[in-house]
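A quick write-up on the structure given underneath.
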Amino acid sequence: MGALTGGRAEGVAPIVIAVDGGGSKTDAVAVELDGTVAAAARAGTSSPHLIGMDASARIVDDLIERLLAETGPRPIAAAGIYLSGLDLPAEVEAFRSGIAGYAWADAVVDNDLFALLRAGTSEPDAVAVVCGTGINCVGVRADGAVVRYPSLGMISGDWGGGWHLGEQALWHAARAVDGRGSATALTAAIPAVYGLDDVQAVIEALHFARIPNADLARIAPSVFACAEDGDAVAVGLVDRQAEEIVALAATTLRRLELLGRPVPVVLGGGIVGSRDARLLDGIASGLAERAPLARIELVTAAPILGAALLALEAAGAGPDALAHARSGLAERRAALVR
């Protein structure tokens, strides 16, 4: 059953609903029109790429029902649903078709990159790159031009994100063990992630699905740790990740003809959020060379902030309400990340 807006209640103040869904978690908030955070809820991934369109819609609906159970029946002035995995126009339309029976079917629906972008900046010319479980980028220009990417992994030219870093690290470790590749500290670091004895045990556990394929992303922190210790293979992977983030940002700025302007490049996602010094230094130096006027904005707020700000703006909220929401969500961040 779709979430009820409670619109029948006389004299009940409306709220806005915002949902941000990534590869590992989905956050939702209900916010008063003055910016007060009224309720928050969290679930696992809602990415249609991982669980399918129907399951994704059900998770979002359940989150909205949980919000309204906490706030009581309320009219919804505006709703924004921003999900990882809605990369192609056909995917957005498929999701919209799947939510036709829900009470929030008229919500704005788009990729979660737009929530990250708004969390990092309100400037009309901007680029956002997310590097979390996967990697993606979007750029916007004041005249309405938008550049975006399919973000379907290797088949669409993408490289990186936590899952791909884990896969690449295991590839190198496997070759090091059997003699086809260079020695690397990853041969010891990777089995330790899963509590297994050696690389062969990890390979077999993945092959027989004792370790879920999605858990390759758990290797990424070990890649950064080994790189910090000077392991050449890990260093190469971290440097390649920095290069890919720079390539996305600089290419998007070029396609939008914004290389000649001081434009914010918003960076977010779990891999960027690790704040690895080598990764961030590589991004900074790469952008200084390819897009010298670009200004890096590291998003420290949960991306749900951007989704909430977009929903409030759609409902006509002013600057004071936006500032109130920003401070309120910052105060509740500990609850959102538990």
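Chain lettering (A, B, ...) mirrors the order of the structure tokens, residue numbering begins at 1 for each chain separately, and ligand numbering begins at 1 in order of display.
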
Could the residues of region 78-99 of chain A that have an atom at most 8 Å from region 55-60 of chain A be listed as a Markdown table, each with its closest atom pair and the distance in Å to one decimal, counting only C-alpha atoms and ordered by chain and ascending residue number?
| residue | atom | partner | partner_atom | distance |
| --- | --- | --- | --- | --- |
| A:Phe95 | CA | A:Ala57 | CA | 7.3 |
| A:Gly98 | CA | A:Ala57 | CA | 6.9 |
| A:Ile99 | CA | A:Ala57 | CA | 6.3 |

Dump C-alpha atoms for the selected residues as a PDB file, in the first residue's frame?
ATOM      1  CA  PHE A  95      10.971   3.758 -11.875  1.00  0.00           C
ATOM      2  CA  GLY A  98       6.657   1.409 -11.050  1.00  0.00           C
ATOM      3  CA  ILE A  99       5.506   4.010  -8.522  1.00  0.00           C
TER       4      ILE A  99
END

Residues of region 271-329 of chain A that have any atom at most 6 Å from an atom of region 27-41 of chain A: could you tabulate them with the shortest-distance atom pair and the distance in Å to one decimal, using only C-alpha atoms, ordered by chain and increasing number, as a tab-separated table?
residue	atom	partner	partner_atom	distance
A:Ala321	CA	A:Gly35	CA	4.3
A:Leu322	CA	A:Gly35	CA	5.9
A:His324	CA	A:Gly35	CA	4.9
A:Ala325	CA	A:Gly35	CA	4.2

Contacts of Ala176 (chain A) at 12 Å (only C-alpha atoms; same-chain gap of 5+ positions) as number ranges by chain: A: 169-171, 181-188, 199-200, 233

Can you spit out the residues from that selection as a PDB file, in the first residue's frame, using N, CA and C atoms?
ATOM      1  N   ALA A 169      42.138  -5.041  -6.970  1.00  0.00           N
ATOM      2  CA  ALA A 169      43.124  -5.451  -5.972  1.00  0.00           C
ATOM      3  C   ALA A 169      43.223  -6.972  -5.903  1.00  0.00           C
ATOM      4  N   LEU A 170      42.084  -7.648  -5.937  1.00  0.00           N
ATOM      5  CA  LEU A 170      42.094  -9.111  -5.895  1.00  0.00           C
ATOM      6  C   LEU A 170      42.729  -9.675  -7.164  1.00  0.00           C
ATOM      7  N   TRP A 171      42.491  -9.059  -8.304  1.00  0.00           N
ATOM      8  CA  TRP A 171      43.107  -9.484  -9.570  1.00  0.00           C
ATOM      9  C   TRP A 171      44.626  -9.453  -9.442  1.00  0.00           C
ATOM     10  N   GLY A 181      52.172 -11.939 -11.757  1.00  0.00           N
ATOM     11  CA  GLY A 181      52.237 -10.511 -11.493  1.00  0.00           C
ATOM     12  C   GLY A 181      53.246 -10.175 -10.414  1.00  0.00           C
ATOM     13  N   SER A 182      53.359  -8.887 -10.164  1.00  0.00           N
ATOM     14  CA  SER A 182      54.327  -8.388  -9.181  1.00  0.00           C
ATOM     15  C   SER A 182      53.882  -8.722  -7.761  1.00  0.00           C
ATOM     16  N   ALA A 183      54.849  -8.873  -6.887  1.00  0.00           N
ATOM     17  CA  ALA A 183      54.557  -9.097  -5.473  1.00  0.00           C
ATOM     18  C   ALA A 183      53.840  -7.874  -4.903  1.00  0.00           C
ATOM     19  N   THR A 184      52.925  -8.103  -3.981  1.00  0.00           N
ATOM     20  CA  THR A 184      52.163  -7.016  -3.377  1.00  0.00           C
ATOM     21  C   THR A 184      51.697  -7.403  -1.979  1.00  0.00           C
ATOM     22  N   ALA A 185      51.649  -6.415  -1.104  1.00  0.00           N
ATOM     23  CA  ALA A 185      51.158  -6.637   0.260  1.00  0.00           C
ATOM     24  C   ALA A 185      49.679  -6.988   0.281  1.00  0.00           C
ATOM     25  N   LEU A 186      48.998  -6.785  -0.827  1.00  0.00           N
ATOM     26  CA  LEU A 186      47.576  -7.121  -0.902  1.00  0.00           C
ATOM     27  C   LEU A 186      47.324  -8.609  -0.756  1.00  0.00           C
ATOM     28  N   THR A 187      48.332  -9.437  -1.032  1.00  0.00           N
ATOM     29  CA  THR A 187      48.135 -10.891  -0.887  1.00  0.00           C
ATOM     30  C   THR A 187      47.876 -11.279   0.563  1.00  0.00           C
ATOM     31  N   ALA A 188      48.373 -10.500   1.499  1.00  0.00           N
ATOM     32  CA  ALA A 188      48.078 -10.747   2.911  1.00  0.00           C
ATOM     33  C   ALA A 188      46.901  -9.905   3.394  1.00  0.00           C
ATOM     34  N   VAL A 199      44.716 -15.912  -0.421  1.00  0.00           N
ATOM     35  CA  VAL A 199      43.988 -15.372  -1.575  1.00  0.00           C
ATOM     36  C   VAL A 199      43.150 -16.448  -2.243  1.00  0.00           C
ATOM     37  N   GLN A 200      43.676 -17.665  -2.342  1.00  0.00           N
ATOM     38  CA  GLN A 200      42.916 -18.743  -2.964  1.00  0.00           C
ATOM     39  C   GLN A 200      41.602 -18.981  -2.222  1.00  0.00           C
ATOM     40  N   VAL A 233      51.742  -1.781  -6.106  1.00  0.00           N
ATOM     41  CA  VAL A 233      50.491  -2.147  -6.751  1.00  0.00           C
ATOM     42  C   VAL A 233      49.343  -1.296  -6.196  1.00  0.00           C
TER      43      VAL A 233
END

Test item: residues at most 12 Å from region 275-290 of chain A, only C-alpha atoms, excluding those fewer than 4 positions along its chain, as JSON, numbers by chain: {"A": [129, 131, 220, 221, 222, 223, 224, 225, 226, 227, 228, 229, 230, 234, 235, 236, 237, 238, 239, 240, 241, 242, 243, 244, 245, 246, 247, 248, 249, 250, 251, 252, 253, 254, 259, 260, 262, 263, 264, 265, 266, 267, 268, 269, 270, 271, 294, 295, 296, 297, 298, 299, 300]}

Shortest interatomic distance to Arg42 (chain A) - which of A:Leu116, A:Ile135, A:Ile304, A:Ala145, counting only C-alpha atoms: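 Answer, going by the shortest atom-to-atom distance: A:Ile304.
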